[in-house]
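For reference, query_24.pdb is printed below; it contains PDB, C-alpha atoms, pLDDT in the B column.
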```
ATOM      1  CA  MET A  49      99.342 -10.552  62.955  1.00 71.00           C
ATOM      2  CA  THR A  50      99.289 -12.092  59.495  1.00 75.00           C
ATOM      3  CA  THR A  51      95.771 -11.089  58.449  1.00 71.00           C
ATOM      4  CA  GLY A  52      95.156  -8.022  60.567  1.00 76.00           C
ATOM      5  CA  ASN A  53      91.936  -9.578  61.904  1.00 76.00           C
ATOM      6  CA  GLY A  54      91.064 -11.295  65.153  1.00 78.00           C
ATOM      7  CA  LEU A  55      89.951 -14.913  65.426  1.00 74.00           C
ATOM      8  CA  PRO A  56      86.185 -14.068  65.548  1.00 70.00           C
ATOM      9  CA  GLU A  57      86.471 -12.055  62.311  1.00 70.00           C
ATOM     10  CA  LEU A  58      88.356 -14.893  60.593  1.00 66.00           C
ATOM     11  CA  ILE A  59      85.724 -17.433  61.658  1.00 61.00           C
ATOM     12  CA  MET A  60      83.002 -15.148  60.316  1.00 59.00           C
ATOM     13  CA  GLU A  61      84.782 -14.585  57.003  1.00 62.00           C
ATOM     14  CA  PHE A  62      85.935 -18.100  56.180  1.00 59.00           C
ATOM     15  CA  LEU A  63      83.414 -20.340  57.960  1.00 53.00           C
ATOM     16  CA  GLN A  64      80.151 -18.670  58.909  1.00 54.00           C
ATOM     17  CA  ALA A  65      79.719 -16.413  55.862  1.00 56.00           C
ATOM     18  CA  PRO A  66      80.083 -19.247  53.266  1.00 55.00           C
ATOM     19  CA  PHE A  67      77.632 -21.447  55.189  1.00 51.00           C
ATOM     20  CA  GLN A  68      75.145 -18.585  55.460  1.00 54.00           C
ATOM     21  CA  ASN A  69      75.357 -17.973  51.723  1.00 56.00           C
ATOM     22  CA  LEU A  70      74.754 -21.667  51.130  1.00 57.00           C
ATOM     23  CA  SER A  71      71.759 -21.594  53.482  1.00 62.00           C
ATOM     24  CA  GLN A  72      69.937 -19.151  51.190  1.00 68.00           C
ATOM     25  CA  GLY A  73      69.790 -21.640  48.343  1.00 71.00           C
ATOM     26  CA  PRO A  74      66.301 -23.042  47.630  1.00 78.00           C
ATOM     27  CA  LEU A  75      67.673 -26.583  47.545  1.00 84.00           C
ATOM     28  CA  THR A  76      69.227 -26.166  51.001  1.00 84.00           C
ATOM     29  CA  ILE A  77      65.934 -24.946  52.465  1.00 87.00           C
ATOM     30  CA  VAL A  78      64.039 -27.832  50.845  1.00 88.00           C
ATOM     31  CA  ILE A  79      66.529 -30.391  52.219  1.00 88.00           C
ATOM     32  CA  ILE A  80      66.234 -28.947  55.737  1.00 89.00           C
ATOM     33  CA  VAL A  81      62.423 -28.978  55.610  1.00 92.00           C
ATOM     34  CA  PHE A  82      62.370 -32.548  54.281  1.00 92.00           C
ATOM     35  CA  ALA A  83      64.834 -33.694  56.958  1.00 90.00           C
ATOM     36  CA  VAL A  84      62.751 -32.141  59.752  1.00 92.00           C
ATOM     37  CA  GLN A  85      59.632 -33.957  58.561  1.00 94.00           C
ATOM     38  CA  LEU A  86      61.531 -37.220  58.156  1.00 92.00           C
ATOM     39  CA  PHE A  87      62.879 -37.059  61.711  1.00 91.00           C
ATOM     40  CA  TRP A  88      59.347 -36.497  63.011  1.00 94.00           C
ATOM     41  CA  PHE A  89      58.130 -39.589  61.128  1.00 93.00           C
ATOM     42  CA  PHE A  90      60.471 -41.674  63.288  1.00 91.00           C
ATOM     43  CA  GLY A  91      59.353 -39.892  66.470  1.00 91.00           C
ATOM     44  CA  LEU A  92      62.336 -37.522  66.728  1.00 90.00           C
ATOM     45  CA  HIS A  93      61.853 -33.769  67.245  1.00 91.00           C
ATOM     46  CA  GLY A  94      63.038 -32.499  63.864  1.00 88.00           C
ATOM     47  CA  PRO A  95      63.711 -28.822  64.720  1.00 90.00           C
ATOM     48  CA  ASN A  96      65.592 -29.821  67.881  1.00 88.00           C
ATOM     49  CA  VAL A  97      67.709 -32.381  66.060  1.00 86.00           C
ATOM     50  CA  LEU A  98      68.633 -29.798  63.419  1.00 85.00           C
ATOM     51  CA  SER A  99      68.842 -26.838  65.821  1.00 84.00           C
ATOM     52  CA  PRO A 100      72.592 -26.341  65.153  1.00 80.00           C
ATOM     53  CA  ILE A 101      71.658 -25.588  61.535  1.00 80.00           C
ATOM     54  CA  LEU A 102      68.321 -23.861  62.079  1.00 84.00           C
ATOM     55  CA  ASP A 103      69.414 -21.689  64.984  1.00 82.00           C
ATOM     56  CA  GLY A 104      73.140 -21.422  64.417  1.00 77.00           C
ATOM     57  CA  GLY A 105      72.812 -20.772  60.696  1.00 77.00           C
ATOM     58  CA  TYR A 106      69.586 -18.795  60.315  1.00 82.00           C
ATOM     59  CA  ILE A 107      69.177 -16.727  63.491  1.00 80.00           C
ATOM     60  CA  PRO A 108      72.281 -14.572  62.746  1.00 78.00           C
ATOM     61  CA  LEU A 109      70.850 -13.826  59.295  1.00 79.00           C
ATOM     62  CA  LEU A 110      67.953 -12.057  60.952  1.00 82.00           C
ATOM     63  CA  ASN A 111      70.364  -9.236  61.758  1.00 81.00           C
ATOM     64  CA  LYS A 112      70.752  -8.518  58.044  1.00 80.00           C
ATOM     65  CA  ASN A 113      67.049  -7.801  57.595  1.00 82.00           C
ATOM     66  CA  THR A 114      66.980  -5.875  60.865  1.00 84.00           C
ATOM     67  CA  ASP A 115      69.787  -3.622  59.629  1.00 84.00           C
ATOM     68  CA  ILE A 116      67.946  -3.011  56.337  1.00 83.00           C
ATOM     69  CA  TYR A 117      64.803  -2.155  58.276  1.00 84.00           C
ATOM     70  CA  ASN A 118      66.544   0.204  60.714  1.00 86.00           C
ATOM     71  CA  VAL A 119      68.455   2.040  57.983  1.00 86.00           C
ATOM     72  CA  GLY A 120      65.287   2.366  55.909  1.00 85.00           C
ATOM     73  CA  MET A 121      63.216   3.677  58.806  1.00 84.00           C
ATOM     74  CA  ASP A 122      65.935   6.222  59.642  1.00 86.00           C
ATOM     75  CA  ALA A 123      65.838   7.358  56.021  1.00 86.00           C
ATOM     76  CA  GLY A 124      62.072   7.905  56.237  1.00 85.00           C
ATOM     77  CA  LYS A 125      61.059   4.940  54.078  1.00 84.00           C
ATOM     78  CA  SER A 126      57.899   2.912  54.643  1.00 78.00           C
ATOM     79  CA  LEU A 127      57.769  -0.837  55.247  1.00 75.00           C
ATOM     80  CA  SER A 128      56.243  -1.328  51.783  1.00 74.00           C
ATOM     81  CA  ASP A 129      59.314   0.348  50.270  1.00 76.00           C
ATOM     82  CA  LEU A 130      61.640  -1.994  52.163  1.00 76.00           C
ATOM     83  CA  ILE A 131      59.879  -5.311  51.481  1.00 76.00           C
ATOM     84  CA  PRO A 132      61.483  -5.839  48.038  1.00 72.00           C
ATOM     85  CA  THR A 133      64.960  -5.486  49.617  1.00 70.00           C
ATOM     86  CA  MET A 134      64.481  -8.149  52.333  1.00 66.00           C
ATOM     87  CA  PHE A 135      65.442 -11.354  50.555  1.00 67.00           C
ATOM     88  CA  THR A 136      67.282 -13.070  53.417  1.00 78.00           C
ATOM     89  CA  TRP A 137      65.625 -16.286  54.651  1.00 82.00           C
ATOM     90  CA  THR A 138      65.832 -16.403  58.459  1.00 83.00           C
ATOM     91  CA  ARG A 139      64.945 -18.839  61.248  1.00 84.00           C
ATOM     92  CA  GLY A 140      61.535 -17.191  61.601  1.00 83.00           C
ATOM     93  CA  SER A 141      60.819 -17.703  57.907  1.00 84.00           C
ATOM     94  CA  PHE A 142      60.341 -21.430  58.522  1.00 87.00           C
ATOM     95  CA  ASP A 143      57.618 -20.733  61.092  1.00 85.00           C
ATOM     96  CA  ALA A 144      56.009 -17.902  59.130  1.00 84.00           C
ATOM     97  CA  PHE A 145      55.787 -19.623  55.740  1.00 85.00           C
ATOM     98  CA  ILE A 146      56.002 -23.381  56.378  1.00 89.00           C
ATOM     99  CA  TRP A 147      55.337 -24.693  59.896  1.00 91.00           C
ATOM    100  CA  MET A 148      52.132 -22.990  61.024  1.00 91.00           C
ATOM    101  CA  GLY A 149      50.832 -24.879  64.042  1.00 91.00           C
ATOM    102  CA  GLY A 150      54.110 -26.783  64.222  1.00 91.00           C
ATOM    103  CA  SER A 151      56.180 -28.932  61.885  1.00 92.00           C
ATOM    104  CA  GLY A 152      54.158 -30.216  58.949  1.00 93.00           C
ATOM    105  CA  CYS A 153      51.740 -27.271  59.101  1.00 94.00           C
ATOM    106  CA  THR A 154      49.544 -29.543  61.201  1.00 95.00           C
ATOM    107  CA  ILE A 155      47.092 -26.736  61.944  1.00 95.00           C
ATOM    108  CA  ALA A 156      45.887 -27.404  58.385  1.00 95.00           C
ATOM    109  CA  LEU A 157      45.461 -31.098  59.191  1.00 95.00           C
ATOM    110  CA  LEU A 158      43.332 -30.209  62.221  1.00 96.00           C
ATOM    111  CA  ILE A 159      41.167 -27.922  60.094  1.00 95.00           C
ATOM    112  CA  ALA A 160      40.715 -30.678  57.500  1.00 95.00           C
ATOM    113  CA  ILE A 161      39.690 -33.111  60.262  1.00 94.00           C
ATOM    114  CA  PHE A 162      37.167 -30.672  61.760  1.00 94.00           C
ATOM    115  CA  ILE A 163      35.524 -30.084  58.375  1.00 92.00           C
ATOM    116  CA  PHE A 164      35.702 -33.461  56.648  1.00 89.00           C
ATOM    117  CA  SER A 165      36.551 -36.228  59.121  1.00 87.00           C
ATOM    118  CA  LYS A 166      33.778 -38.555  60.323  1.00 85.00           C
ATOM    119  CA  ARG A 167      36.059 -40.600  62.576  1.00 86.00           C
ATOM    120  CA  ASP A 168      35.318 -40.048  66.245  1.00 87.00           C
ATOM    121  CA  ASP A 169      38.863 -40.957  67.293  1.00 88.00           C
ATOM    122  CA  ASN A 170      40.478 -38.479  64.895  1.00 90.00           C
ATOM    123  CA  ARG A 171      38.063 -35.698  65.840  1.00 92.00           C
ATOM    124  CA  ALA A 172      38.741 -36.329  69.536  1.00 94.00           C
ATOM    125  CA  VAL A 173      42.486 -36.008  68.985  1.00 93.00           C
ATOM    126  CA  ALA A 174      41.921 -32.863  66.895  1.00 94.00           C
ATOM    127  CA  LYS A 175      39.811 -31.223  69.609  1.00 94.00           C
ATOM    128  CA  LEU A 176      42.473 -31.884  72.227  1.00 94.00           C
ATOM    129  CA  SER A 177      45.309 -30.804  69.928  1.00 94.00           C
ATOM    130  CA  PHE A 178      43.870 -27.604  68.479  1.00 95.00           C
ATOM    131  CA  PRO A 179      44.375 -25.289  71.514  1.00 93.00           C
ATOM    132  CA  MET A 180      48.058 -26.259  71.693  1.00 93.00           C
ATOM    133  CA  GLY A 181      48.371 -26.170  67.917  1.00 92.00           C
ATOM    134  CA  CYS A 182      47.431 -22.487  68.003  1.00 92.00           C
ATOM    135  CA  PHE A 183      50.677 -21.982  69.954  1.00 93.00           C
ATOM    136  CA  ASN A 184      52.699 -24.108  67.486  1.00 92.00           C
ATOM    137  CA  ILE A 185      52.839 -27.139  69.787  1.00 93.00           C
ATOM    138  CA  ASN A 186      51.823 -30.178  67.777  1.00 92.00           C
ATOM    139  CA  GLU A 187      53.164 -33.239  69.636  1.00 94.00           C
ATOM    140  CA  PRO A 188      49.581 -34.216  70.634  1.00 94.00           C
ATOM    141  CA  VAL A 189      48.508 -34.602  67.013  1.00 94.00           C
ATOM    142  CA  ILE A 190      51.825 -36.086  65.840  1.00 95.00           C
ATOM    143  CA  PHE A 191      51.740 -38.836  68.486  1.00 95.00           C
ATOM    144  CA  GLY A 192      47.965 -38.898  68.969  1.00 93.00           C
ATOM    145  CA  LEU A 193      46.633 -39.701  65.503  1.00 90.00           C
ATOM    146  CA  PRO A 194      49.471 -40.785  65.064  1.00 91.00           C
ATOM    147  CA  ILE A 195      51.574 -39.312  62.286  1.00 93.00           C
ATOM    148  CA  VAL A 196      54.661 -41.079  63.626  1.00 94.00           C
ATOM    149  CA  LEU A 197      55.302 -44.267  61.647  1.00 92.00           C
ATOM    150  CA  ASN A 198      52.076 -43.680  59.702  1.00 90.00           C
ATOM    151  CA  PRO A 199      53.028 -44.105  56.019  1.00 88.00           C
ATOM    152  CA  ILE A 200      49.725 -42.650  54.768  1.00 88.00           C
ATOM    153  CA  LEU A 201      49.759 -39.404  56.749  1.00 91.00           C
ATOM    154  CA  MET A 202      53.496 -39.111  56.179  1.00 92.00           C
ATOM    155  CA  ILE A 203      52.842 -38.194  52.540  1.00 94.00           C
ATOM    156  CA  PRO A 204      50.939 -34.925  53.178  1.00 95.00           C
ATOM    157  CA  PHE A 205      53.046 -34.303  56.315  1.00 96.00           C
ATOM    158  CA  VAL A 206      56.066 -33.970  54.010  1.00 95.00           C
ATOM    159  CA  LEU A 207      54.337 -32.618  50.900  1.00 95.00           C
ATOM    160  CA  ALA A 208      52.469 -29.691  52.508  1.00 95.00           C
ATOM    161  CA  PRO A 209      55.619 -28.078  53.997  1.00 94.00           C
ATOM    162  CA  LEU A 210      57.514 -28.497  50.726  1.00 94.00           C
ATOM    163  CA  VAL A 211      54.726 -26.784  48.769  1.00 95.00           C
ATOM    164  CA  ASN A 212      54.596 -24.014  51.368  1.00 93.00           C
ATOM    165  CA  THR A 213      58.372 -23.642  51.039  1.00 91.00           C
ATOM    166  CA  ALA A 214      57.993 -22.992  47.322  1.00 91.00           C
ATOM    167  CA  ILE A 215      55.170 -20.490  47.906  1.00 90.00           C
ATOM    168  CA  GLY A 216      57.045 -18.634  50.656  1.00 88.00           C
ATOM    169  CA  ALA A 217      60.335 -18.484  48.766  1.00 85.00           C
ATOM    170  CA  LEU A 218      58.548 -17.185  45.666  1.00 87.00           C
ATOM    171  CA  GLU A 219      56.754 -14.493  47.673  1.00 87.00           C
ATOM    172  CA  ILE A 220      60.029 -13.325  49.199  1.00 82.00           C
ATOM    173  CA  PHE A 221      61.880 -13.437  45.861  1.00 80.00           C
ATOM    174  CA  LEU A 222      59.166 -11.359  44.174  1.00 82.00           C
ATOM    175  CA  GLY A 223      59.260  -8.860  47.026  1.00 80.00           C
ATOM    176  CA  LEU A 224      55.646  -9.470  48.029  1.00 85.00           C
ATOM    177  CA  VAL A 225      56.338 -10.327  51.688  1.00 85.00           C
ATOM    178  CA  PRO A 226      59.311  -9.511  53.964  1.00 80.00           C
ATOM    179  CA  ALA A 227      61.271 -12.506  55.209  1.00 78.00           C
ATOM    180  CA  GLY A 228      61.301 -11.220  58.781  1.00 79.00           C
ATOM    181  CA  VAL A 229      62.658  -8.304  60.786  1.00 82.00           C
ATOM    182  CA  LEU A 230      62.640  -9.612  64.373  1.00 81.00           C
ATOM    183  CA  ASP A 231      62.082 -12.764  66.426  1.00 82.00           C
ATOM    184  CA  ALA A 232      58.567 -12.836  67.882  1.00 83.00           C
ATOM    185  CA  GLY A 233      59.080 -16.127  69.741  1.00 82.00           C
ATOM    186  CA  TRP A 234      58.230 -19.582  68.388  1.00 83.00           C
ATOM    187  CA  ALA A 235      55.175 -20.085  70.630  1.00 87.00           C
ATOM    188  CA  THR A 236      53.442 -16.862  69.545  1.00 89.00           C
ATOM    189  CA  PRO A 237      50.132 -17.781  67.839  1.00 89.00           C
ATOM    190  CA  GLN A 238      49.913 -17.403  64.078  1.00 85.00           C
ATOM    191  CA  PRO A 239      49.222 -15.152  62.247  1.00 86.00           C
ATOM    192  CA  ILE A 240      50.088 -12.779  65.108  1.00 89.00           C
ATOM    193  CA  LYS A 241      53.669 -14.062  65.060  1.00 88.00           C
ATOM    194  CA  ALA A 242      54.092 -13.442  61.328  1.00 86.00           C
ATOM    195  CA  PHE A 243      52.577  -9.973  61.681  1.00 88.00           C
ATOM    196  CA  LEU A 244      54.913  -9.049  64.558  1.00 87.00           C
ATOM    197  CA  SER A 245      58.039 -10.632  63.059  1.00 84.00           C
ATOM    198  CA  THR A 246      57.561  -8.614  59.866  1.00 82.00           C
ATOM    199  CA  SER A 247      57.050  -5.414  61.887  1.00 80.00           C
ATOM    200  CA  GLY A 248      53.381  -5.157  60.992  1.00 82.00           C
ATOM    201  CA  ALA A 249      53.327  -6.241  57.343  1.00 82.00           C
ATOM    202  CA  TRP A 250      49.715  -7.155  56.519  1.00 87.00           C
ATOM    203  CA  GLN A 251      51.037  -9.144  53.567  1.00 87.00           C
ATOM    204  CA  SER A 252      52.308 -11.767  56.001  1.00 87.00           C
ATOM    205  CA  ILE A 253      48.754 -12.502  57.167  1.00 90.00           C
ATOM    206  CA  VAL A 254      47.544 -12.968  53.598  1.00 91.00           C
ATOM    207  CA  SER A 255      50.537 -15.220  52.932  1.00 90.00           C
ATOM    208  CA  GLN A 256      49.697 -17.423  55.914  1.00 90.00           C
ATOM    209  CA  ILE A 257      46.031 -17.725  54.963  1.00 92.00           C
ATOM    210  CA  LEU A 258      47.133 -18.856  51.493  1.00 93.00           C
ATOM    211  CA  ALA A 259      49.661 -21.358  52.888  1.00 93.00           C
ATOM    212  CA  ILE A 260      47.213 -22.861  55.389  1.00 94.00           C
ATOM    213  CA  THR A 261      44.525 -23.133  52.679  1.00 94.00           C
ATOM    214  CA  VAL A 262      46.900 -24.937  50.326  1.00 95.00           C
ATOM    215  CA  ALA A 263      48.096 -27.267  53.111  1.00 95.00           C
ATOM    216  CA  THR A 264      44.488 -28.050  54.092  1.00 96.00           C
ATOM    217  CA  LEU A 265      43.715 -29.060  50.506  1.00 96.00           C
ATOM    218  CA  ILE A 266      46.799 -31.302  50.497  1.00 96.00           C
ATOM    219  CA  TYR A 267      45.730 -33.040  53.728  1.00 96.00           C
ATOM    220  CA  LEU A 268      42.094 -33.344  52.613  1.00 94.00           C
ATOM    221  CA  PRO A 269      42.320 -36.495  50.407  1.00 94.00           C
ATOM    222  CA  PHE A 270      44.160 -38.347  53.172  1.00 92.00           C
ATOM    223  CA  VAL A 271      41.567 -37.373  55.774  1.00 91.00           C
ATOM    224  CA  ILE A 272      38.855 -38.702  53.446  1.00 90.00           C
ATOM    225  CA  ALA A 273      40.914 -41.866  52.924  1.00 88.00           C
ATOM    226  CA  ALA A 274      41.088 -42.296  56.712  1.00 84.00           C
ATOM    227  CA  ASN A 275      37.275 -42.124  56.802  1.00 83.00           C
ATOM    228  CA  LYS A 276      37.032 -44.927  54.261  1.00 83.00           C
ATOM    229  CA  ALA A 277      39.619 -47.001  56.113  1.00 78.00           C
ATOM    230  CA  ALA A 278      37.624 -46.693  59.332  1.00 74.00           C
ATOM    231  CA  LYS A 279      34.447 -47.862  57.557  1.00 75.00           C
ATOM    232  CA  GLN A 280      36.297 -50.839  56.100  1.00 75.00           C
ATOM    233  CA  GLU A 281      37.749 -51.776  59.494  1.00 74.00           C
ATOM    234  CA  LYS A 282      34.311 -51.566  61.116  1.00 75.00           C
ATOM    235  CA  LYS A 283      32.806 -53.689  58.348  1.00 75.00           C
ATOM    236  CA  GLU A 284      35.489 -56.363  58.776  1.00 72.00           C
ATOM    237  CA  GLU A 285      34.981 -56.394  62.550  1.00 74.00           C
ATOM    238  CA  THR A 286      31.224 -56.819  62.069  1.00 75.00           C
ATOM    239  CA  GLN A 287      31.742 -59.709  59.650  1.00 75.00           C
ATOM    240  CA  ALA A 288      34.217 -61.342  62.037  1.00 73.00           C
TER     241      ALA A 288
END
```

Can the structure from this file be put into structure tokens for me?
Amino acid sequence: MTTGNGLPELIMEFLQAPFQNLSQGPLTIVIIVFAVQLFWFFGLHGPNVLSPILDGGYIPLLNKNTDIYNVGMDAGKSLSDLIPTMFTWTRGSFDAFIWMGGSGCTIALLIAIFIFSKRDDNRAVAKLSFPMGCFNINEPVIFGLPIVLNPILMIPFVLAPLVNTAIGALEIFLGLVPAGVLDAGWATPQPIKAFLSTSGAWQSIVSQILAITVATLIYLPFVIAANKAAKQEKKEETQA
């Protein structure tokens, strides 16, 4: 009676809207990505732990881009015309720009292992993990190598997503790639998921190739270091 609005409208205006505006800040996105990786380091499922923020805060924002897309299509505009207007970072943006193959962009780690690793144990884990990694399921590699409680692999596991965050945010800000128009489902293989979630924007595929390439280069020195560590361990065992 006082405001002329119902309780849902008041919650949206005074609680949800301010939090959603805060969620678009680059620092907020970086903190969320860092926290997800940190939880994984201790064996906790980062996206599930932070699902109230990731899902509750970012899924509703998808509607904003969807509305822009629908209005633009009704007005006869092309997707290329609409891309510069889709600045809103959504839940799918994390999967499309940062977490290819799962948290940590571990699909890049598997690629680095296939190309450069000489360790039989790591290659065995990579072979078993890759089919599931294509569907963004990466527990086998996180617990198999392991990445959990591994201070060496933790460095690229955190660094690669943060670099991809910067690349993805810059691409969206410059209007090169749409942030997302619909939810294609988290288990949809990449880059099919990015292509579908952006309603067929080919730019999303190029963006993912770039992000995976950069992440692979970040993981590469640590894969090579693991090779050297294995040689040293074998040498010490032989001497013993």

From the list A:Leu193, A:Ile185, A:Gln280, A:Gly228, which residue is nearest Ile161 of chain A when using all atoms listed in the file?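 Smallest distance to Ile161 of chain A is found for A:Leu193.
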
Selection dump of the PyMOL selection byres ((chain A and resi 254) around 12), as a ChimeraX atom specification:
/A:144-145,216,219,224-225,238-240,242-243,249-253,255-261

Check your understanding: For this file, the PyMOL selection byres ((chain A and resi 85) around 7) selects which residues, as a list in words?
Key -> Val81, Phe82, Ala83, Val84, Leu86, Phe87, Trp88, Phe89, Gly94, Ser151, Gly152, Phe205 and Val206 of chain A

Exercise for review: For atom CA of Ile77 of chain A and atom CA of Ala217 of chain A, determine how far apart the two atoms are, in Å to one decimal place.
Suggested key: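 For atom CA of Ile77 of chain A relative to atom CA of Ala217 of chain A, the distance reads 9.3 Å.
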
* Asked: Which residues come within 12 Å of Lys279 of chain A, counting all atoms listed in the file, excluding same-chain residues fewer than 4 positions away, as a list in words?
  ->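 The neighbour list is Ser165, Lys166, Arg167, Asp168, Ile272, Ala273, Ala274, Asn275, Lys283, Glu284, Glu285 and Thr286 of chain A.
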
Write to file, as a PDB file, in the frame of the given file, the residues of the selection just made, with C-alpha atoms.
```pdb
ATOM      1  CA  SER A 165      36.551 -36.228  59.121  1.00 87.00           C
ATOM      2  CA  LYS A 166      33.778 -38.555  60.323  1.00 85.00           C
ATOM      3  CA  ARG A 167      36.059 -40.600  62.576  1.00 86.00           C
ATOM      4  CA  ASP A 168      35.318 -40.048  66.245  1.00 87.00           C
ATOM      5  CA  ILE A 272      38.855 -38.702  53.446  1.00 90.00           C
ATOM      6  CA  ALA A 273      40.914 -41.866  52.924  1.00 88.00           C
ATOM      7  CA  ALA A 274      41.088 -42.296  56.712  1.00 84.00           C
ATOM      8  CA  ASN A 275      37.275 -42.124  56.802  1.00 83.00           C
ATOM      9  CA  LYS A 283      32.806 -53.689  58.348  1.00 75.00           C
ATOM     10  CA  GLU A 284      35.489 -56.363  58.776  1.00 72.00           C
ATOM     11  CA  GLU A 285      34.981 -56.394  62.550  1.00 74.00           C
ATOM     12  CA  THR A 286      31.224 -56.819  62.069  1.00 75.00           C
TER      13      THR A 286
END
```

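Closest approach to Ile190 of chain A among A:Gly52, A:Gly91, A:Pro108, A:Pro237: A:Gly91, based on only C-alpha atoms.
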
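With all atoms listed in the file as the basis for measurement, A:Ala156 is the residue among A:Leu75, A:Ala288, A:Ala156, A:Leu201 that approaches Leu265 of chain A most closely.
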